[in-house]
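A.B. asks: data_8.txt is reproduced below (compact mmCIF, C-alpha atoms).
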# COMPACT_ATOMS: atom_id res chain seq x y z
CA MET A 96 -22.33 2.10 -8.58
CA VAL A 97 -18.78 3.44 -8.55
CA VAL A 98 -17.24 6.75 -9.54
CA ILE A 99 -14.16 6.78 -11.75
CA ARG A 100 -12.18 9.99 -11.98
CA GLY A 101 -9.93 11.19 -14.75
CA ALA A 102 -8.14 14.29 -16.00
CA THR A 103 -5.99 15.39 -18.89
CA THR A 104 -4.53 18.56 -20.40
CA ILE A 105 -4.46 20.05 -23.88
CA ALA A 106 -1.66 21.94 -25.62
CA GLU A 107 -3.92 24.80 -26.74
CA ASP A 108 -7.56 25.77 -26.63
CA ASN A 109 -9.05 24.52 -29.89
CA ALA A 110 -11.78 22.04 -30.78
CA GLU A 111 -9.50 19.43 -32.31
CA GLU A 112 -7.23 19.33 -29.26
CA ILE A 113 -10.23 18.91 -26.97
CA ARG A 114 -11.77 16.15 -29.12
CA LYS A 115 -8.50 14.22 -29.19
CA ALA A 116 -7.77 14.61 -25.47
CA VAL A 117 -11.28 13.66 -24.32
CA LYS A 118 -11.39 10.60 -26.58
CA GLU A 119 -8.00 9.36 -25.37
CA LEU A 120 -8.95 9.91 -21.72
CA LEU A 121 -12.24 8.04 -22.00
CA LEU A 122 -10.70 5.15 -23.92
CA GLN A 123 -8.00 4.81 -21.26
CA ILE A 124 -10.64 4.80 -18.50
CA GLU A 125 -12.60 2.12 -20.37
CA SER A 126 -9.56 -0.05 -20.92
CA ARG A 127 -8.04 0.20 -17.44
CA ASN A 128 -11.36 -0.46 -15.71
CA GLY A 129 -12.72 -3.11 -18.06
CA ILE A 130 -16.04 -1.33 -18.50
CA SER A 131 -18.38 -1.09 -21.48
CA ARG A 132 -20.10 2.09 -22.61
CA ASP A 133 -23.59 0.88 -21.69
CA GLU A 134 -22.40 0.55 -18.07
CA VAL A 135 -21.65 4.29 -17.90
CA VAL A 136 -24.73 5.95 -16.42
CA SER A 137 -23.49 9.54 -16.62
CA MET A 138 -20.39 11.67 -17.07
CA VAL A 139 -19.66 15.04 -15.48
CA PHE A 140 -16.98 17.17 -17.11
CA SER A 141 -15.30 20.33 -15.85
CA SER A 142 -12.69 22.42 -17.60
CA THR A 143 -10.42 25.20 -16.44
CA SER A 144 -11.43 28.78 -17.20
CA ASP A 145 -8.94 29.06 -20.09
CA ILE A 146 -10.88 26.51 -22.21
CA HIS A 147 -13.67 28.09 -24.30
CA SER A 148 -13.63 26.71 -27.83
CA PHE A 149 -15.49 23.40 -27.40
CA TYR A 150 -17.52 21.53 -24.75
CA PRO A 151 -15.75 18.37 -23.48
CA ALA A 152 -19.17 16.72 -23.10
CA LYS A 153 -19.82 17.24 -26.80
CA ALA A 154 -16.42 15.71 -27.56
CA ALA A 155 -17.45 12.66 -25.51
CA ARG A 156 -20.65 12.31 -27.50
CA GLU A 157 -18.73 12.54 -30.76
CA ALA A 158 -16.32 9.87 -29.44
CA GLY A 159 -19.20 7.39 -29.28
CA PHE A 160 -20.47 7.74 -25.72
CA GLU A 161 -24.09 8.10 -26.79
CA SER A 162 -26.12 6.34 -24.08
CA SER A 163 -24.94 8.12 -20.92
CA ALA A 164 -26.15 11.45 -19.58
CA LEU A 165 -23.55 14.21 -20.02
CA PHE A 166 -22.86 17.46 -18.20
CA SER A 167 -20.15 20.10 -18.64
CA ALA A 168 -19.14 22.95 -16.34
CA GLN A 169 -16.39 25.52 -16.25
CA GLU A 170 -14.24 25.87 -13.16
CA PRO A 171 -13.53 29.23 -11.52
CA GLU A 172 -10.11 30.71 -12.13
CA ILE A 173 -7.59 29.68 -9.46
CA ASP A 174 -4.24 31.40 -9.04
CA GLY A 175 -1.44 28.89 -9.59
CA GLY A 176 -3.87 26.21 -10.76
CA LEU A 177 -3.18 23.78 -13.60
CA LYS A 178 -3.82 25.33 -17.01
CA LEU A 179 -5.83 23.91 -19.93
CA CYS A 180 -7.10 21.00 -17.85
CA ILE A 181 -10.19 18.83 -18.45
CA ARG A 182 -11.56 16.69 -15.61
CA VAL A 183 -14.25 14.02 -15.68
CA MET A 184 -16.22 11.81 -13.30
CA LEU A 185 -17.85 8.66 -14.70
CA PHE A 186 -20.73 7.11 -12.75
CA VAL A 187 -20.59 3.41 -13.61
CA GLU A 188 -23.14 0.70 -12.90
CA LYS A 189 -20.62 -1.97 -11.96
CA ASN A 190 -19.13 -3.35 -8.74
CA ILE A 191 -15.40 -2.79 -9.32
CA THR A 192 -12.44 -1.13 -7.65
CA PRO A 193 -12.06 2.06 -9.72
CA ARG A 194 -8.79 2.80 -11.47
CA HIS A 195 -8.58 6.54 -11.92
CA VAL A 196 -6.72 7.87 -14.96
CA TYR A 197 -4.59 11.02 -15.17
CA LEU A 198 -2.91 11.85 -18.46
CA GLY A 199 -0.60 14.52 -19.84
CA GLY A 200 0.08 17.45 -17.55
CA ALA A 201 -2.71 16.27 -15.23
CA LYS A 202 -0.40 13.56 -13.89
CA VAL A 203 0.91 16.09 -11.38
CA LEU A 204 -2.53 16.06 -9.74
CA ARG A 205 -2.18 12.43 -8.72
CA LYS A 206 1.41 11.24 -8.74
CA ASP A 207 0.27 8.35 -6.58
CA LEU A 208 -1.68 6.99 -9.57
CA SER A 209 0.42 8.04 -12.54
CA GLY A 210 3.87 6.94 -11.47
CA LYS A 211 5.64 4.29 -9.40
CA MET A 212 5.64 4.96 -5.69
CA ASN A 213 6.73 3.12 -2.56
CA ILE A 214 5.07 3.61 0.83
CA ALA A 215 6.99 2.53 3.94
CA ILE A 216 5.05 1.81 7.13
CA ASP A 217 6.98 0.97 10.30
CA GLY A 218 5.93 0.35 13.86
CA PRO A 219 5.88 -2.15 16.72
CA ALA A 220 3.77 -5.33 16.89
CA GLY A 221 0.05 -4.67 17.14
CA SER A 222 0.20 -1.03 16.03
CA GLY A 223 -2.08 -1.84 13.10
CA LYS A 224 0.52 -1.43 10.37
CA SER A 225 -0.26 -4.65 8.47
CA THR A 226 -4.01 -4.04 8.45
CA VAL A 227 -3.51 -0.45 7.35
CA ALA A 228 -0.88 -1.38 4.74
CA LYS A 229 -3.23 -3.87 3.08
CA ALA A 230 -6.09 -1.37 3.04
CA LEU A 231 -3.88 1.44 1.74
CA ALA A 232 -2.54 -0.77 -1.05
CA LYS A 233 -6.12 -1.57 -2.04
CA GLU A 234 -7.05 2.12 -1.99
CA TYR A 235 -4.29 2.93 -4.47
CA SER A 236 -4.57 -0.34 -6.44
CA ILE A 237 -0.92 -1.20 -5.81
CA LEU A 238 0.91 -4.17 -4.34
CA TYR A 239 1.07 -4.96 -0.63
CA LEU A 240 4.33 -6.68 0.38
CA ASP A 241 4.08 -8.34 3.79
CA THR A 242 7.71 -8.16 4.89
CA GLY A 243 6.94 -9.57 8.33
CA ALA A 244 5.76 -12.79 6.72
CA MET A 245 9.21 -13.25 5.22
CA TYR A 246 10.90 -13.08 8.63
CA ARG A 247 8.27 -15.38 10.07
CA ALA A 248 9.05 -17.92 7.37
CA CYS A 249 12.73 -17.84 8.36
CA ALA A 250 11.73 -18.38 11.99
CA LEU A 251 9.41 -21.25 11.08
CA LYS A 252 12.19 -23.03 9.23
CA ALA A 253 14.53 -22.58 12.19
CA LEU A 254 11.93 -23.94 14.63
CA ASP A 255 11.08 -26.93 12.45
CA LYS A 256 14.76 -27.74 11.98
CA GLY A 257 15.43 -27.48 15.71
CA THR A 258 17.98 -24.75 15.07
CA ASN A 259 19.33 -22.89 18.08
CA LEU A 260 17.74 -19.45 17.74
CA ASP A 261 20.46 -17.90 19.91
CA SER A 262 23.22 -19.14 17.62
CA GLU A 263 23.95 -16.64 14.85
CA GLU A 264 26.25 -19.17 13.23
CA GLU A 265 23.50 -21.78 12.97
CA ILE A 266 20.96 -19.25 11.68
CA CYS A 267 23.47 -18.01 9.12
CA GLU A 268 24.00 -21.57 7.93
CA LEU A 269 20.23 -22.00 7.63
CA MET A 270 20.05 -18.96 5.33
CA ARG A 271 22.36 -20.65 2.81
CA ASP A 272 19.71 -23.21 1.94
CA LEU A 273 16.62 -21.05 2.41
CA ARG A 274 14.17 -21.39 -0.46
CA LEU A 275 11.71 -18.60 0.15
CA THR A 276 9.52 -16.98 -2.48
CA VAL A 277 6.68 -14.49 -2.41
CA GLU A 278 3.86 -15.22 -4.83
CA TYR A 279 0.66 -13.36 -5.62
CA GLU A 280 -2.68 -14.99 -6.31
CA ASN A 281 -5.87 -13.00 -6.78
CA GLY A 282 -4.11 -9.95 -5.33
CA MET A 283 -3.09 -11.79 -2.16
CA GLN A 284 0.44 -12.58 -1.04
CA LYS A 285 1.42 -16.21 -0.50
CA THR A 286 4.57 -17.05 1.43
CA VAL A 287 6.13 -20.20 0.00
CA LEU A 288 8.85 -21.94 2.01
CA ASP A 289 10.68 -24.88 0.45
CA GLY A 290 7.85 -25.28 -2.07
CA LYS A 291 5.07 -25.22 0.56
CA ASP A 292 2.53 -22.46 1.17
CA VAL A 293 3.08 -21.51 4.82
CA SER A 294 0.95 -18.34 4.84
CA GLU A 295 -1.23 -19.59 7.71
CA GLU A 296 1.39 -21.60 9.58
CA ILE A 297 3.67 -18.60 10.10
CA ARG A 298 0.89 -16.83 12.06
CA GLN A 299 1.13 -19.27 14.95
CA PRO A 300 2.02 -17.62 18.30
CA ARG A 301 5.18 -19.75 18.60
CA VAL A 302 6.55 -18.13 15.46
CA SER A 303 6.09 -14.49 16.56
CA MET A 304 8.85 -14.25 19.16
CA ALA A 305 11.12 -16.49 17.12
CA ALA A 306 10.75 -14.10 14.16
CA SER A 307 11.89 -11.21 16.35
CA THR A 308 14.90 -13.26 17.46
CA VAL A 309 16.15 -14.38 14.04
CA SER A 310 15.55 -10.94 12.50
CA LYS A 311 18.30 -9.42 14.63
CA TYR A 312 20.98 -11.33 12.72
CA LEU A 313 22.77 -9.59 9.87
CA SER A 314 22.58 -12.55 7.47
CA VAL A 315 18.80 -12.69 7.82
CA ARG A 316 18.20 -8.96 7.44
CA LEU A 317 20.47 -8.64 4.42
CA ARG A 318 18.80 -11.58 2.69
CA MET A 319 15.29 -10.29 3.33
CA ALA A 320 16.13 -6.66 2.50
CA GLU A 321 17.57 -7.77 -0.83
CA LYS A 322 14.33 -9.52 -1.77
CA GLN A 323 12.18 -6.61 -0.61
CA ARG A 324 14.19 -4.00 -2.53
CA GLU A 325 13.96 -6.13 -5.66
CA VAL A 326 10.16 -6.09 -5.51
CA ALA A 327 9.97 -2.36 -4.68
CA SER A 328 12.30 -1.40 -7.52
CA ASN A 329 9.97 -2.89 -10.12
CA MET A 330 6.53 -1.76 -9.02
CA SER A 331 4.49 0.52 -6.78
CA CYS A 332 3.94 -1.11 -3.41
CA VAL A 333 3.26 -0.68 0.29
CA LEU A 334 5.75 -2.31 2.65
CA ASP A 335 5.31 -2.64 6.38
CA GLY A 336 7.82 -3.71 9.00
CA ARG A 337 10.17 -2.28 11.59
CA ASP A 338 13.01 -0.93 9.47
CA ILE A 339 11.46 -0.20 6.06
CA GLY A 340 11.90 3.57 6.15
CA THR A 341 15.32 3.46 7.84
CA PHE A 342 17.04 0.45 6.28
CA VAL A 343 15.16 -1.34 3.51
CA LEU A 344 13.83 1.68 1.59
CA PRO A 345 15.39 4.85 3.02
CA ASP A 346 14.38 6.66 -0.19
CA ALA A 347 10.71 5.61 -0.05
CA ASP A 348 8.35 8.26 -1.41
CA PHE A 349 6.17 8.23 1.71
CA LYS A 350 7.05 7.09 5.23
CA PHE A 351 4.85 6.48 8.25
CA PHE A 352 5.49 5.26 11.78
CA LEU A 353 2.45 3.78 13.52
CA THR A 354 2.36 3.21 17.23
CA ALA A 355 -0.09 2.53 20.09
CA SER A 356 0.09 1.78 23.79
CA PRO A 357 1.17 -1.77 24.81
CA GLN A 358 -2.27 -2.37 26.34
CA VAL A 359 -4.09 -1.47 23.14
CA ARG A 360 -1.71 -3.54 21.04
CA ALA A 361 -2.09 -6.54 23.35
CA ASN A 362 -5.87 -6.27 23.11
CA ARG A 363 -5.71 -6.22 19.33
CA ARG A 364 -3.42 -9.24 19.14
CA PHE A 365 -5.52 -11.11 21.72
CA ASP A 366 -8.68 -10.57 19.66
CA GLU A 367 -6.89 -11.54 16.45
CA LEU A 368 -5.49 -14.81 17.84
CA THR A 369 -8.62 -15.91 19.69
CA ALA A 370 -10.65 -15.27 16.55
CA LYS A 371 -8.39 -17.77 14.80
CA GLY A 372 -8.96 -20.34 17.51
CA TYR A 373 -5.73 -19.98 19.49
CA THR A 374 -5.79 -20.14 23.30
CA VAL A 375 -3.76 -17.21 24.63
CA ASN A 376 -3.30 -15.45 27.95
CA TYR A 377 -3.72 -11.66 27.77
CA GLU A 378 -1.11 -10.81 30.42
CA GLU A 379 1.45 -13.14 28.85
CA LEU A 380 0.70 -11.61 25.46
CA LYS A 381 1.19 -8.09 26.79
CA ASP A 382 4.49 -9.07 28.44
CA GLU A 383 5.65 -10.67 25.18
CA ILE A 384 4.81 -7.49 23.23
CA ILE A 385 6.81 -5.39 25.68
CA ARG A 386 9.77 -7.80 25.48
CA ARG A 387 9.56 -7.81 21.71
CA ASP A 388 9.52 -4.01 21.60
CA GLU A 389 12.70 -4.00 23.69
CA GLN A 390 14.39 -6.64 21.57
CA ASP A 391 13.40 -5.03 18.26
CA SER A 392 14.43 -1.52 19.29
CA THR A 393 17.79 -2.47 20.81
CA ARG A 394 19.11 -4.92 18.23
CA GLU A 395 22.36 -3.88 16.62
CA ILE A 396 21.29 -4.31 13.01
CA ALA A 397 18.47 -2.08 11.67
CA PRO A 398 16.58 -1.62 14.94
CA LEU A 399 12.97 -0.58 15.23
CA LYS A 400 12.87 3.22 15.15
CA GLN A 401 11.10 6.07 13.46
CA ALA A 402 12.76 7.49 10.35
CA GLU A 403 13.50 11.20 10.70
CA ASP A 404 11.23 12.05 7.77
CA ALA A 405 8.39 9.65 8.72
CA VAL A 406 4.95 10.83 9.84
CA ARG A 407 4.17 9.47 13.31
CA ILE A 408 0.57 8.37 13.97
CA ASP A 409 -0.64 7.09 17.33
CA THR A 410 -3.45 4.66 16.48
CA SER A 411 -4.51 3.94 20.07
CA GLU A 412 -7.78 5.85 19.82
CA MET A 413 -8.25 5.68 16.06
CA THR A 414 -10.26 3.38 13.84
CA ILE A 415 -8.65 1.79 10.79
CA ALA A 416 -10.68 4.10 8.56
CA GLN A 417 -9.42 7.15 10.44
CA VAL A 418 -5.80 6.04 10.16
CA ILE A 419 -6.13 5.42 6.43
CA ALA A 420 -7.83 8.79 5.90
CA GLU A 421 -5.01 10.55 7.74
CA MET A 422 -2.33 8.74 5.70
CA LYS A 423 -4.07 9.53 2.42
CA ARG A 424 -4.31 13.17 3.46
CA ARG A 425 -0.58 13.27 4.19
CA ILE A 426 0.25 11.59 0.89
CA GLN A 427 -1.89 14.03 -1.07
CA GLU A 428 -0.28 16.97 0.76
CA LYS A 429 3.16 15.81 -0.32
CA ILE A 430 2.31 15.25 -3.97
For the file at hand, write its structure as structure tokens.

C.D. replies:
Amino acid sequence: MVVIRGATTIAEDNAEEIRKAVKELLLQIESRNGISRDEVVSMVFSSTSDIHSFYPAKAAREAGFESSALFSAQEPEIDGGLKLCIRVMLFVEKNITPRHVYLGGAKVLRKDLSGKMNIAIDGPAGSGKSTVAKALAKEYSILYLDTGAMYRACALKALDKGTNLDSEEEICELMRDLRLTVEYENGMQKTVLDGKDVSEEIRQPRVSMAASTVSKYLSVRLRMAEKQREVASNMSCVLDGRDIGTFVLPDADFKFFLTASPQVRANRRFDELTAKGYTVNYEELKDEIIRRDEQDSTREIAPLKQAEDAVRIDTSEMTIAQVIAEMKRRIQEKI
């Protein structure tokens, strides 16, 4: 069973306004969640203290929701609270990711759901930003754009071509013929290089350091930033990387900088790679992470650093769930 939330406002307190608003809200919830009325077990309504003329639950019954249990309550008066607002919770017998619906003046309650938003997450390797970004995107039912995968694809092409990674001229020439696209299938990102899905191949250890090397070149960063901004301008999404909040999307609605100690990050990466069947040495991995931190933070073009308006979160002693909860709390505070 899942709970779907919704809210709307009315122009004035009269029965017709309430009937119309409740019907529209419930129809929108049905449509956006792909549910049928017999799957709704119960509905709980609440209305602000300035609504007296008609029960929202009765309006739901009149709108055709006849099989579910209904309950209505009036909220206490709150100074500065939203006026003429009707809220609802639907308890639905279906295994889905709920899409909450906020209409009319109630959109201000959840700007994260009612309008386009971009979330920028930066941080060093192993800080947990990719795992958190994917989970956060799922929480808000928006797109996750794996920007690191794009740089890894550039590095993979350079390695396969035998390109000198220390030659900016050769890397720049490689960018001229780069055919890189980001596709989405069943909500998952696929990185397609020269017509081939390389989503798994780019996760090889040999690609990691090479990605850090090629990403320091202006031609690479400008090309990737252009693609990332194009996606972000058209839809709500979560982007993670090292320069999202400072270079790619300096005007992102929400910015976070995740970090952790090198030891913790090395442990995470070691577990991740060994789980995939790679043979890796922990000490070498830790040294590589430290070198990569140095290289990423000292490069001339868009270095790794925390944006001035980003929220810094040290994830060393936190679970993924705790990090996500903290980020959601910060987002809700801002909206």

A.B. asks: Closest to Thr104 in chain A among A:Val375, A:Tyr197, A:Ser162, A:Thr192, using all atoms listed in the file?

C.D. replies: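 Distance minimum relative to Thr104 in chain A lands on A:Tyr197.
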
A.B. asks: Just give me the gap between CA of Ile146 in chain A and CA of Arg132 in chain A in Å, one decimal is fine.

C.D. replies: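 So the answer is 26.1 Å.
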
A.B. asks: Mind pulling up the distance from CA of His195 in chain A to CA of Glu280 in chain A?

C.D. replies: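 So the answer is 23.0 Å.
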
A.B. asks: List the neighbours of range 266-274 of chain A out to 12 Å using all atoms listed in the file; skip same-chain residues closer than 6 positions along the sequence, and give me the result as an mmCIF file with C-alpha atoms, in the coordinates of the input.

C.D. replies:
data_model
loop_
_atom_site.group_PDB
_atom_site.id
_atom_site.type_symbol
_atom_site.label_atom_id
_atom_site.label_comp_id
_atom_site.auth_asym_id
_atom_site.auth_seq_id
_atom_site.Cartn_x
_atom_site.Cartn_y
_atom_site.Cartn_z
ATOM 1 C CA MET A 245 9.210 -13.250 5.220
ATOM 2 C CA TYR A 246 10.900 -13.080 8.630
ATOM 3 C CA ALA A 248 9.050 -17.920 7.370
ATOM 4 C CA CYS A 249 12.730 -17.840 8.360
ATOM 5 C CA ALA A 250 11.730 -18.380 11.990
ATOM 6 C CA LEU A 251 9.410 -21.250 11.080
ATOM 7 C CA LYS A 252 12.190 -23.030 9.230
ATOM 8 C CA ALA A 253 14.530 -22.580 12.190
ATOM 9 C CA LEU A 254 11.930 -23.940 14.630
ATOM 10 C CA ASP A 255 11.080 -26.930 12.450
ATOM 11 C CA LYS A 256 14.760 -27.740 11.980
ATOM 12 C CA GLY A 257 15.430 -27.480 15.710
ATOM 13 C CA THR A 258 17.980 -24.750 15.070
ATOM 14 C CA ASN A 259 19.330 -22.890 18.080
ATOM 15 C CA LEU A 260 17.740 -19.450 17.740
ATOM 16 C CA THR A 286 4.570 -17.050 1.430
ATOM 17 C CA VAL A 287 6.130 -20.200 0.000
ATOM 18 C CA LEU A 288 8.850 -21.940 2.010
ATOM 19 C CA ASP A 289 10.680 -24.880 0.450
ATOM 20 C CA GLY A 290 7.850 -25.280 -2.070
ATOM 21 C CA LYS A 291 5.070 -25.220 0.560
ATOM 22 C CA ASP A 292 2.530 -22.460 1.170
ATOM 23 C CA ALA A 305 11.120 -16.490 17.120
ATOM 24 C CA ALA A 306 10.750 -14.100 14.160
ATOM 25 C CA THR A 308 14.900 -13.260 17.460
ATOM 26 C CA VAL A 309 16.150 -14.380 14.040
ATOM 27 C CA SER A 310 15.550 -10.940 12.500
ATOM 28 C CA LYS A 311 18.300 -9.420 14.630
ATOM 29 C CA TYR A 312 20.980 -11.330 12.720
ATOM 30 C CA LEU A 313 22.770 -9.590 9.870
ATOM 31 C CA SER A 314 22.580 -12.550 7.470
ATOM 32 C CA VAL A 315 18.800 -12.690 7.820
ATOM 33 C CA ARG A 316 18.200 -8.960 7.440
ATOM 34 C CA LEU A 317 20.470 -8.640 4.420
ATOM 35 C CA ARG A 318 18.800 -11.580 2.690
ATOM 36 C CA MET A 319 15.290 -10.290 3.330
ATOM 37 C CA LYS A 322 14.330 -9.520 -1.770
#

A.B. asks: Just to confirm, what's the straight-line distance from CA of Ala164 in chain A to CA of Leu121 in chain A in Å (one decimal)?

C.D. replies: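 Straight-line distance from CA of Ala164 in chain A to CA of Leu121 in chain A works out to 14.5 Å.
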
A.B. asks: Neighbouring residues of Gly218 in chain A were defined as those with any atom within 10 Å, considering all atoms listed in the file; residues of the same chain fewer than 5 positions away were excluded. Please report them as a list of chain:residue names.

C.D. replies: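 In the requested form, the answer reads A:Gly223, A:Lys224, A:Ser225, A:Asp335, A:Gly336, A:Arg337, A:Asp338, A:Ile339, A:Phe351, A:Phe352, A:Leu353, A:Thr354, A:Ala355, A:Asp388, A:Leu399, A:Lys400, A:Gln401, A:Arg407, A:Ile408.
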
A.B. asks: Could you save those same residues with C-alpha atoms as a PDB file, in the coordinates of the input?

C.D. replies:
ATOM      1  CA  GLY A 223      -2.080  -1.840  13.100  1.00  0.00           C
ATOM      2  CA  LYS A 224       0.520  -1.430  10.370  1.00  0.00           C
ATOM      3  CA  SER A 225      -0.260  -4.650   8.470  1.00  0.00           C
ATOM      4  CA  ASP A 335       5.310  -2.640   6.380  1.00  0.00           C
ATOM      5  CA  GLY A 336       7.820  -3.710   9.000  1.00  0.00           C
ATOM      6  CA  ARG A 337      10.170  -2.280  11.590  1.00  0.00           C
ATOM      7  CA  ASP A 338      13.010  -0.930   9.470  1.00  0.00           C
ATOM      8  CA  ILE A 339      11.460  -0.200   6.060  1.00  0.00           C
ATOM      9  CA  PHE A 351       4.850   6.480   8.250  1.00  0.00           C
ATOM     10  CA  PHE A 352       5.490   5.260  11.780  1.00  0.00           C
ATOM     11  CA  LEU A 353       2.450   3.780  13.520  1.00  0.00           C
ATOM     12  CA  THR A 354       2.360   3.210  17.230  1.00  0.00           C
ATOM     13  CA  ALA A 355      -0.090   2.530  20.090  1.00  0.00           C
ATOM     14  CA  ASP A 388       9.520  -4.010  21.600  1.00  0.00           C
ATOM     15  CA  LEU A 399      12.970  -0.580  15.230  1.00  0.00           C
ATOM     16  CA  LYS A 400      12.870   3.220  15.150  1.00  0.00           C
ATOM     17  CA  GLN A 401      11.100   6.070  13.460  1.00  0.00           C
ATOM     18  CA  ARG A 407       4.170   9.470  13.310  1.00  0.00           C
ATOM     19  CA  ILE A 408       0.570   8.370  13.970  1.00  0.00           C
TER      20      ILE A 408
END

A.B. asks: As a tab-separated table (two decimals) with C-alpha atoms, in the frame of the given file, please: the residues near range 134-136 of chain A (cut-off 8 Å, only C-alpha atoms, same-chain neighbours under 2 positions excluded).

C.D. replies:
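In the end it all went to selection.tsv:
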chain	number	residue	atom	x	y	z
A	130	ILE	CA	-16.04	-1.33	-18.50
A	131	SER	CA	-18.38	-1.09	-21.48
A	132	ARG	CA	-20.10	2.09	-22.61
A	138	MET	CA	-20.39	11.67	-17.07
A	162	SER	CA	-26.12	6.34	-24.08
A	163	SER	CA	-24.94	8.12	-20.92
A	164	ALA	CA	-26.15	11.45	-19.58
A	185	LEU	CA	-17.85	8.66	-14.70
A	186	PHE	CA	-20.73	7.11	-12.75
A	187	VAL	CA	-20.59	3.41	-13.61
A	188	GLU	CA	-23.14	0.70	-12.90
A	189	LYS	CA	-20.62	-1.97	-11.96

A.B. asks: Please work out which residues fall within 6 Å of (-13.6, 2.2, -9.0), coordinates as given in the file, with only C-alpha atoms counting, and return them as a list in words.

C.D. replies: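 Residues with an atom close enough to that point: Val97, Val98, Ile99, Ile191, Thr192, Pro193 and Arg194 of chain A.
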
A.B. asks: Generate a file for range 176-190 of chain A, containing N, CA and C atoms, as a PDB file, in the first residue's frame.

C.D. replies:
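out18.pdb, written as the output of this step:
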ATOM      1  N   GLY A 176      -0.437  30.847   7.687  1.00  0.00           N
ATOM      2  CA  GLY A 176      -0.657  29.639   6.905  1.00  0.00           C
ATOM      3  C   GLY A 176      -1.418  29.916   5.625  1.00  0.00           C
ATOM      4  N   LEU A 177      -1.378  28.944   4.700  1.00  0.00           N
ATOM      5  CA  LEU A 177      -2.083  29.079   3.426  1.00  0.00           C
ATOM      6  C   LEU A 177      -3.593  29.117   3.665  1.00  0.00           C
ATOM      7  N   LYS A 178      -4.279  30.019   2.996  1.00  0.00           N
ATOM      8  CA  LYS A 178      -5.720  30.177   3.169  1.00  0.00           C
ATOM      9  C   LYS A 178      -6.499  29.317   2.172  1.00  0.00           C
ATOM     10  N   LEU A 179      -7.731  28.957   2.585  1.00  0.00           N
ATOM     11  CA  LEU A 179      -8.679  28.253   1.718  1.00  0.00           C
ATOM     12  C   LEU A 179      -8.030  27.055   1.020  1.00  0.00           C
ATOM     13  N   CYS A 180      -7.389  26.221   1.821  1.00  0.00           N
ATOM     14  CA  CYS A 180      -6.635  25.084   1.295  1.00  0.00           C
ATOM     15  C   CYS A 180      -7.279  23.751   1.703  1.00  0.00           C
ATOM     16  N   ILE A 181      -7.355  22.835   0.767  1.00  0.00           N
ATOM     17  CA  ILE A 181      -7.873  21.484   1.000  1.00  0.00           C
ATOM     18  C   ILE A 181      -6.742  20.492   0.740  1.00  0.00           C
ATOM     19  N   ARG A 182      -6.475  19.631   1.704  1.00  0.00           N
ATOM     20  CA  ARG A 182      -5.445  18.604   1.559  1.00  0.00           C
ATOM     21  C   ARG A 182      -6.087  17.225   1.583  1.00  0.00           C
ATOM     22  N   VAL A 183      -5.407  16.255   0.966  1.00  0.00           N
ATOM     23  CA  VAL A 183      -5.921  14.892   0.959  1.00  0.00           C
ATOM     24  C   VAL A 183      -4.778  13.892   0.975  1.00  0.00           C
ATOM     25  N   MET A 184      -5.019  12.742   1.608  1.00  0.00           N
ATOM     26  CA  MET A 184      -4.117  11.598   1.539  1.00  0.00           C
ATOM     27  C   MET A 184      -4.922  10.402   1.044  1.00  0.00           C
ATOM     28  N   LEU A 185      -4.472   9.778  -0.036  1.00  0.00           N
ATOM     29  CA  LEU A 185      -5.126   8.596  -0.580  1.00  0.00           C
ATOM     30  C   LEU A 185      -4.301   7.369  -0.208  1.00  0.00           C
ATOM     31  N   PHE A 186      -4.933   6.384   0.395  1.00  0.00           N
ATOM     32  CA  PHE A 186      -4.282   5.115   0.707  1.00  0.00           C
ATOM     33  C   PHE A 186      -4.659   4.136  -0.405  1.00  0.00           C
ATOM     34  N   VAL A 187      -3.656   3.746  -1.183  1.00  0.00           N
ATOM     35  CA  VAL A 187      -3.905   2.998  -2.419  1.00  0.00           C
ATOM     36  C   VAL A 187      -3.288   1.607  -2.350  1.00  0.00           C
ATOM     37  N   GLU A 188      -4.089   0.617  -2.719  1.00  0.00           N
ATOM     38  CA  GLU A 188      -3.636  -0.776  -2.726  1.00  0.00           C
ATOM     39  C   GLU A 188      -2.947  -1.073  -4.053  1.00  0.00           C
ATOM     40  N   LYS A 189      -1.717  -0.547  -4.191  1.00  0.00           N
ATOM     41  CA  LYS A 189      -0.965  -0.758  -5.427  1.00  0.00           C
ATOM     42  C   LYS A 189       0.507  -0.452  -5.171  1.00  0.00           C
ATOM     43  N   ASN A 190       1.384  -1.252  -5.759  1.00  0.00           N
ATOM     44  CA  ASN A 190       2.822  -1.069  -5.563  1.00  0.00           C
ATOM     45  C   ASN A 190       3.370  -0.129  -6.635  1.00  0.00           C
TER      46      ASN A 190
END
